[in-house]
Amino acid sequence: MVAASAVGISRAALEEAISYIKKRQRFGKPLASFQATQFKIAEMATNIRASRNLYYEAAWKIDNGMIDPQLIAMAKWLPAEVAVRCADEAMQIHGGYGYMMEYPIQRYWRDGRLFTITEGTSEIQRLIIANETLR
């Protein structure tokens, strides 16, 4: 559930960023036309897809009676970290507006950050992944 929620936050941050860069103009062009902004969007989209696929695999295995602690930890850790990164990038894209209560980005950042500390911190998830890898 945490992984799915984190992917949802990531996706919402991406969608807000896309909407904003299509409307916002700089130097007479939409922000979406700048390569640096496009790279941010590409990275966000790729990380979201990787996170979603990871938790789908973990959920499928659990549904089929295969408990894999390493995969479960990966499926919790990566989406949580990606949620923070996506919200952070969306906030960067929005500039000062990203901090304002009128924009949902500030809420996505706070909500995304929560996933890295609840139900097993990111550090604990990495420890589980490392211990399972080193077996």
# chains A, B, ... in the order shown; residues from 1 in each chain; ligands from 1
call {"tool": "closest_atom_pairs", "arguments": {"of": "range 43-118 of chain A", "to": "range 3-16 of chain A", "cutoff": "10 Å", "atoms": "only C-alpha atoms", "output": "Markdown table"}}
result
| residue | atom | partner | partner_atom | distance |
| --- | --- | --- | --- | --- |
| A:Met44 | CA | A:Leu14 | CA | 6.7 |
| A:Ala45 | CA | A:Leu14 | CA | 7.3 |
| A:Asn47 | CA | A:Ser10 | CA | 9.0 |
| A:Ile48 | CA | A:Val7 | CA | 6.3 |
| A:Arg49 | CA | A:Val7 | CA | 8.6 |
| A:Ala50 | CA | A:Val7 | CA | 9.8 |
| A:Ser51 | CA | A:Val7 | CA | 6.8 |
| A:Arg52 | CA | A:Val7 | CA | 6.4 |
| A:Leu54 | CA | A:Ala3 | CA | 9.0 |
| A:Tyr55 | CA | A:Ala3 | CA | 6.3 |
| A:Tyr56 | CA | A:Ala4 | CA | 8.8 |
| A:Ala58 | CA | A:Ala3 | CA | 10.0 |
| A:Ala59 | CA | A:Ala3 | CA | 9.9 |
| A:Ile72 | CA | A:Ala3 | CA | 9.5 |
| A:Ala73 | CA | A:Ala3 | CA | 9.9 |
| A:Met74 | CA | A:Ala3 | CA | 9.6 |
| A:Ala75 | CA | A:Ala3 | CA | 6.3 |
| A:Lys76 | CA | A:Ala3 | CA | 5.1 |
| A:Trp77 | CA | A:Ala3 | CA | 7.9 |
| A:Leu78 | CA | A:Ala3 | CA | 8.2 |
| A:Pro79 | CA | A:Ala6 | CA | 5.5 |
| A:Ala80 | CA | A:Ala6 | CA | 5.4 |
| A:Glu81 | CA | A:Ala6 | CA | 8.5 |
| A:Val82 | CA | A:Ser10 | CA | 6.7 |
| A:Ala83 | CA | A:Ser10 | CA | 4.5 |
| A:Val84 | CA | A:Ser10 | CA | 7.7 |
| A:Arg85 | CA | A:Ser10 | CA | 8.2 |
| A:Cys86 | CA | A:Ser10 | CA | 5.5 |
| A:Ala87 | CA | A:Ala13 | CA | 5.3 |
| A:Asp88 | CA | A:Ala13 | CA | 8.7 |
| A:Glu89 | CA | A:Ala13 | CA | 8.5 |
| A:Ala90 | CA | A:Ala13 | CA | 5.9 |
| A:Met91 | CA | A:Ala13 | CA | 8.5 |
| A:Ile93 | CA | A:Glu16 | CA | 9.8 |
| A:His94 | CA | A:Glu16 | CA | 9.1 |
| A:Tyr103 | CA | A:Glu16 | CA | 8.9 |
| A:Pro104 | CA | A:Glu16 | CA | 8.0 |
| A:Ile105 | CA | A:Ala13 | CA | 6.4 |
| A:Gln106 | CA | A:Ala13 | CA | 9.6 |
| A:Arg107 | CA | A:Ile9 | CA | 9.4 |
| A:Tyr108 | CA | A:Ile9 | CA | 6.0 |
| A:Trp109 | CA | A:Ala13 | CA | 8.4 |
| A:Asp111 | CA | A:Ile9 | CA | 7.5 |
| A:Gly112 | CA | A:Ala6 | CA | 6.3 |
| A:Arg113 | CA | A:Ala6 | CA | 9.3 |
| A:Leu114 | CA | A:Ala6 | CA | 9.3 |
| A:Phe115 | CA | A:Ala6 | CA | 6.8 |
| A:Thr116 | CA | A:Ala6 | CA | 9.4 |
call {"tool": "residues_around", "arguments": {"residues": "Ser33 in chain A", "least_positions_apart": "4", "cutoff": "9 Å", "atoms": "only C-alpha atoms", "output": "number ranges by chain"}}
result
A: 21-22, 29, 37-38
call {"tool": "write_last_selection", "arguments": {"atoms": "N, CA and C atoms", "output": "compact mmCIF listing (two decimals), in the first residue's frame"}}
result
# COMPACT_ATOMS: atom_id res chain seq x y z
N ILE A 21 4.48 23.51 -16.86
CA ILE A 21 5.49 23.88 -17.87
C ILE A 21 4.88 24.10 -19.25
N LYS A 22 3.70 23.57 -19.48
CA LYS A 22 3.04 23.82 -20.75
C LYS A 22 2.44 25.23 -20.81
N LYS A 29 8.95 31.57 -24.58
CA LYS A 29 8.66 30.17 -24.90
C LYS A 29 8.12 29.47 -23.66
N THR A 37 14.33 21.26 -18.69
CA THR A 37 13.03 20.92 -18.12
C THR A 37 12.55 19.58 -18.65
N GLN A 38 12.76 19.33 -19.92
CA GLN A 38 12.37 18.05 -20.51
C GLN A 38 13.12 16.90 -19.86
call {"tool": "select_by_dssp", "arguments": {"residues": "range 3-133 of chain A", "states": "helix (DSSP H, G or I)", "output": "ChimeraX atom specification"}}
result
/A:3-23,31-33,35-63,69-99,105-115,122-133
call {"tool": "atom_distance", "arguments": {"atom1": "CA of Ile62 in chain A", "atom2": "CA of Glu43 in chain A"}}
result
28.7 Å
call {"tool": "select_by_dssp", "arguments": {"residues": "chain A", "states": "strand (DSSP E)", "output": "ChimeraX atom specification"}}
result
/A:25-26,29-30
